[in-house]
Amino acid sequence: MSEDERAEGAPVGRRVVLGMLGLGAVGVAVGASVQDGVSRALAPVGPIGDILPAAGGFRYYSVTGSVKRRSADTHRVTVGGFVDKPQSFGMADLARFPQTVLDKDFQCVTGWRVPDVRWVGVALPDLLDAVGVSRKARAVRFTSFDGVYTESLTLQQARRRDVIVATQMEGKPVTHDHGGPTRLYVAPMYGYKSLKWLGGIELTDKVIPGYWENLGYDVDAWVGRSNGRDDAPT
Ligand SMILES: Nc1nc2c(c(=O)[nH]1)N[C@H]1C(S)=C(S)[C@@H](COP(=O)(O)O)O[C@H]1N2
Ligand SMILES: [Mo]
């Protein structure tokens, strides 16, 4: 990481830092599998900065211990709540949608960033159109099959075409450690919005704050404009 990137990544809101130190670090980098070659902590608890970046620069994050793998053959993403036709989608179903390719930097709110990562998947608005969003819906809640992590977007944010249900990362199926078979990828927001091990999408009548948001992170996680970085109006 260059000094510039370090400087840009440095100012994180105090609440967020306290949240991370108090609760986050415990779950960070625990349980990554060896074969994916992503980083893992030397010890499960410790300052965030001690976690070593692996090749590619991603840190493995999970707020739970190990997460049970799901086979791409049987895995399904369920879409329900305030929709006309609740449905679940297997990998073959997702492959039949138009595929969106995004080449973007991946930015964690704690300061690390991986430049120019390629993600491929189904634009969330296409999936929402397939189930039919009912008039009551105002927001979307995402659940992970790790059983703990959740995320949320307003319906307006969820209709952006740079928000995708990702099935590929860097030219391969999303690995288990990176949240496969399906992972949410919210390109314009900090990494915590990009929920791993996506199992459920639910249309709700209001935003239900996600895991980190209950611990002090901003619900609107725009890169560069949230979590204490937005002192100047943009
Ligand atoms: N299920 C789940 N998704 C998650 C997290 C998590 O702990 N559990 N951490 C988030 C955070 S804070 C970041 S920065 C990215 C990290 O992605 P990676 O583990 O693929 O590097 O995942 C996000 N999605
Ligand atoms: Mo993060």
# chains A, B, ... in the order shown; residues from 1 in each chain; ligands from 1
>>> closest_atom_pairs(of="chain A", to="ligand 1", cutoff="6 Å", atoms="only C-alpha atoms and all ligand atoms", output="CSV")
residue,atom,partner,partner_atom_place_in_ligand_line,distance
A:Phe58,CA,ligand 1,21 (O),4.5
A:Arg59,CA,ligand 1,21 (O),4.3
A:Tyr60,CA,ligand 1,19 (O),3.7
A:Tyr61,CA,ligand 1,19 (O),3.9
A:Ser62,CA,ligand 1,7 (O),3.2
A:Val63,CA,ligand 1,7 (O),4.1
A:Cys108,CA,ligand 1,14 (S),4.1
A:Ser144,CA,ligand 1,1 (N),5.3
A:Tyr149,CA,ligand 1,1 (N),4.8
A:His178,CA,ligand 1,20 (O),3.7
A:Gly191,CA,ligand 1,14 (S),3.9
A:Tyr192,CA,ligand 1,11 (C),3.7
A:Ser194,CA,ligand 1,24 (N),4.9
A:Leu195,CA,ligand 1,24 (N),3.9
A:Lys196,CA,ligand 1,3 (N),3.7
A:Trp197,CA,ligand 1,1 (N),5.6
>>> write_last_selection(atoms="all heavy atoms", output="CSV table (one decimal), in the first residue's frame")
chain,number,residue,atom,x,y,z
A,58,PHE,N,-6.7,-8.7,-0.1
A,58,PHE,CA,-7.9,-8.9,0.7
A,58,PHE,C,-7.6,-9.4,2.0
A,58,PHE,O,-6.7,-10.2,2.2
A,58,PHE,CB,-8.9,-9.9,0.0
A,58,PHE,CG,-9.7,-9.3,-1.1
A,58,PHE,CD1,-9.3,-9.2,-2.4
A,58,PHE,CD2,-11.0,-8.9,-0.8
A,58,PHE,CE1,-10.1,-8.7,-3.4
A,58,PHE,CE2,-11.8,-8.3,-1.7
A,58,PHE,CZ,-11.4,-8.2,-3.0
A,59,ARG,N,-8.4,-9.0,3.0
A,59,ARG,CA,-8.4,-9.6,4.3
A,59,ARG,C,-9.6,-10.5,4.4
A,59,ARG,O,-10.7,-10.1,3.9
A,59,ARG,CB,-8.5,-8.6,5.4
A,59,ARG,CG,-7.2,-8.0,5.9
A,59,ARG,CD,-6.6,-7.1,4.9
A,59,ARG,NE,-5.6,-6.2,5.6
A,59,ARG,CZ,-4.8,-5.4,4.9
A,59,ARG,NH1,-4.8,-5.4,3.6
A,59,ARG,NH2,-4.0,-4.6,5.5
A,60,TYR,N,-9.4,-11.7,5.0
A,60,TYR,CA,-10.6,-12.5,5.2
A,60,TYR,C,-11.4,-12.0,6.4
A,60,TYR,O,-10.8,-12.0,7.5
A,60,TYR,CB,-10.1,-14.0,5.4
A,60,TYR,CG,-11.3,-14.9,5.8
A,60,TYR,CD1,-12.1,-15.5,4.9
A,60,TYR,CD2,-11.5,-15.1,7.2
A,60,TYR,CE1,-13.1,-16.3,5.3
A,60,TYR,CE2,-12.5,-16.0,7.6
A,60,TYR,CZ,-13.3,-16.5,6.6
A,60,TYR,OH,-14.3,-17.4,7.0
A,61,TYR,N,-12.6,-11.7,6.2
A,61,TYR,CA,-13.5,-11.3,7.3
A,61,TYR,C,-14.6,-12.2,7.5
A,61,TYR,O,-15.3,-12.5,6.6
A,61,TYR,CB,-14.0,-9.9,7.0
A,61,TYR,CG,-13.1,-8.7,7.4
A,61,TYR,CD1,-11.7,-8.9,7.7
A,61,TYR,CD2,-13.6,-7.4,7.4
A,61,TYR,CE1,-10.9,-7.9,7.9
A,61,TYR,CE2,-12.7,-6.3,7.7
A,61,TYR,CZ,-11.4,-6.6,7.9
A,61,TYR,OH,-10.6,-5.5,8.2
A,62,SER,N,-14.8,-12.5,8.8
A,62,SER,CA,-16.1,-13.2,9.2
A,62,SER,C,-16.3,-12.9,10.6
A,62,SER,O,-15.4,-13.0,11.4
A,62,SER,CB,-16.0,-14.7,9.0
A,62,SER,OG,-17.1,-15.3,9.5
A,63,VAL,N,-17.6,-12.5,10.9
A,63,VAL,CA,-17.9,-12.3,12.3
A,63,VAL,C,-18.3,-13.6,13.0
A,63,VAL,O,-18.5,-13.5,14.2
A,63,VAL,CB,-19.1,-11.3,12.4
A,63,VAL,CG1,-18.7,-9.9,11.8
A,63,VAL,CG2,-20.3,-11.8,11.8
A,108,CYS,N,-12.3,-1.4,2.3
A,108,CYS,CA,-12.9,-1.6,3.6
A,108,CYS,C,-12.8,-0.3,4.4
A,108,CYS,O,-11.8,0.5,4.3
A,108,CYS,CB,-12.1,-2.7,4.4
A,108,CYS,SG,-12.6,-2.9,6.1
A,144,SER,N,-27.1,-13.7,5.5
A,144,SER,CA,-26.0,-14.6,5.2
A,144,SER,C,-26.3,-15.9,5.7
A,144,SER,O,-26.8,-16.1,6.8
A,144,SER,CB,-24.7,-14.0,5.8
A,144,SER,OG,-23.6,-15.0,5.7
A,149,TYR,N,-24.6,-12.6,10.0
A,149,TYR,CA,-24.3,-11.3,9.3
A,149,TYR,C,-25.6,-10.9,8.5
A,149,TYR,O,-26.2,-11.7,7.9
A,149,TYR,CB,-23.2,-11.4,8.4
A,149,TYR,CG,-22.5,-10.1,8.1
A,149,TYR,CD1,-21.5,-9.6,8.9
A,149,TYR,CD2,-22.8,-9.4,6.9
A,149,TYR,CE1,-20.8,-8.4,8.6
A,149,TYR,CE2,-22.1,-8.2,6.6
A,149,TYR,CZ,-21.2,-7.7,7.5
A,149,TYR,OH,-20.5,-6.5,7.2
A,178,HIS,N,-14.4,-15.9,0.2
A,178,HIS,CA,-14.8,-14.6,-0.2
A,178,HIS,C,-16.3,-14.5,-0.3
A,178,HIS,O,-16.9,-13.6,-0.8
A,178,HIS,CB,-14.2,-14.2,-1.6
A,178,HIS,CG,-12.8,-13.7,-1.4
A,178,HIS,ND1,-12.4,-12.7,-0.7
A,178,HIS,CD2,-11.6,-14.3,-1.9
A,178,HIS,CE1,-11.1,-12.5,-0.7
A,178,HIS,NE2,-10.6,-13.5,-1.5
A,191,GLY,N,-16.8,-2.0,2.1
A,191,GLY,CA,-16.9,-3.4,2.0
A,191,GLY,C,-17.9,-4.1,2.9
A,191,GLY,O,-18.4,-5.2,2.6
A,192,TYR,N,-18.2,-3.5,4.1
A,192,TYR,CA,-19.1,-4.2,5.0
A,192,TYR,C,-20.5,-4.3,4.4
A,192,TYR,O,-21.3,-5.1,4.8
A,192,TYR,CB,-19.2,-3.5,6.4
A,192,TYR,CG,-19.7,-2.1,6.5
A,192,TYR,CD1,-21.0,-1.8,6.7
A,192,TYR,CD2,-18.8,-1.0,6.4
A,192,TYR,CE1,-21.5,-0.5,6.8
A,192,TYR,CE2,-19.2,0.3,6.6
A,192,TYR,CZ,-20.6,0.5,6.8
A,192,TYR,OH,-21.0,1.8,6.9
A,194,SER,N,-21.0,-5.4,1.4
A,194,SER,CA,-20.9,-6.5,0.5
A,194,SER,C,-20.9,-7.8,1.2
A,194,SER,O,-19.9,-8.5,1.4
A,194,SER,CB,-19.6,-6.4,-0.4
A,194,SER,OG,-19.7,-5.3,-1.2
A,195,LEU,N,-22.1,-8.2,1.6
A,195,LEU,CA,-22.4,-9.3,2.5
A,195,LEU,C,-22.0,-10.6,1.8
A,195,LEU,O,-22.3,-10.9,0.7
A,195,LEU,CB,-23.9,-9.4,2.8
A,195,LEU,CG,-24.5,-10.6,3.5
A,195,LEU,CD1,-25.6,-10.1,4.5
A,195,LEU,CD2,-25.1,-11.6,2.6
A,196,LYS,N,-21.2,-11.4,2.6
A,196,LYS,CA,-20.7,-12.7,2.1
A,196,LYS,C,-21.7,-13.8,2.4
A,196,LYS,O,-22.5,-13.7,3.3
A,196,LYS,CB,-19.4,-13.0,2.7
A,196,LYS,CG,-18.4,-11.9,2.5
A,196,LYS,CD,-16.9,-12.3,2.6
A,196,LYS,CE,-16.5,-12.9,3.9
A,196,LYS,NZ,-15.1,-13.2,3.9
A,197,TRP,N,-21.6,-14.9,1.6
A,197,TRP,CA,-22.5,-16.1,1.8
A,197,TRP,C,-24.0,-15.7,1.8
A,197,TRP,O,-24.8,-16.0,2.6
A,197,TRP,CB,-22.1,-16.8,3.1
A,197,TRP,CG,-20.7,-17.1,3.2
A,197,TRP,CD1,-20.0,-18.0,2.4
A,197,TRP,CD2,-19.7,-16.6,4.2
A,197,TRP,NE1,-18.6,-18.0,2.8
A,197,TRP,CE2,-18.5,-17.1,3.9
A,197,TRP,CE3,-19.8,-15.7,5.2
A,197,TRP,CZ2,-17.3,-16.8,4.6
A,197,TRP,CZ3,-18.6,-15.4,5.9
A,197,TRP,CH2,-17.4,-16.0,5.6
>>> closest_atom_pairs(of="segment 152-193 of chain A", to="segment 78-100 of chain A", cutoff="12 Å", atoms="only C-alpha atoms", output="tab-separated table")
residue	atom	partner	partner_atom	distance
A:Leu155	CA	A:Phe82	CA	11.4
A:Arg160	CA	A:Thr100	CA	11.7
A:Arg161	CA	A:Thr100	CA	8.1
A:Asp162	CA	A:Thr100	CA	8.2
A:Val163	CA	A:Thr100	CA	9.4
A:Ile164	CA	A:Thr100	CA	7.5
A:Val165	CA	A:Leu94	CA	8.7
A:Ala166	CA	A:Thr100	CA	8.8
A:Thr167	CA	A:Met91	CA	8.0
A:Gln168	CA	A:Gln99	CA	10.2
A:Met169	CA	A:Thr100	CA	11.8
A:Pro173	CA	A:Met91	CA	10.4
A:Val174	CA	A:Met91	CA	11.7
A:Gly180	CA	A:Met91	CA	10.8
A:Pro181	CA	A:Met91	CA	8.0
A:Thr182	CA	A:Met91	CA	8.3
A:Arg183	CA	A:Met91	CA	11.9
A:Tyr185	CA	A:Thr100	CA	11.2
A:Ala187	CA	A:Thr100	CA	11.9
>>> select_by_dssp(residues="segment 116-206 of chain A", states="strand (DSSP E or B)", output="PyMOL selection string")
chain A and resi 116-123+133+139-144+150-154+163-169+172-173+183-186+189+198-204
>>> atom_distance(atom1="atom CA of Pro188 of chain A", atom2="atom CA of Thr175 of chain A")
21.9 Å
>>> closest_residue(among="A:Asp116, A:Arg70, A:Arg141, A:Met189", to="Val223 of chain A", atoms="only C-alpha atoms")
A:Met189
>>> atom_distance(atom1="atom CA of Thr204 of chain A", atom2="atom CA of Asn227 of chain A")
24.3 Å
>>> closest_residue(among="A:Ala221, A:Ala72, A:Gly57, A:Gln156", to="Arg113 of chain A", atoms="only C-alpha atoms")
A:Gly57
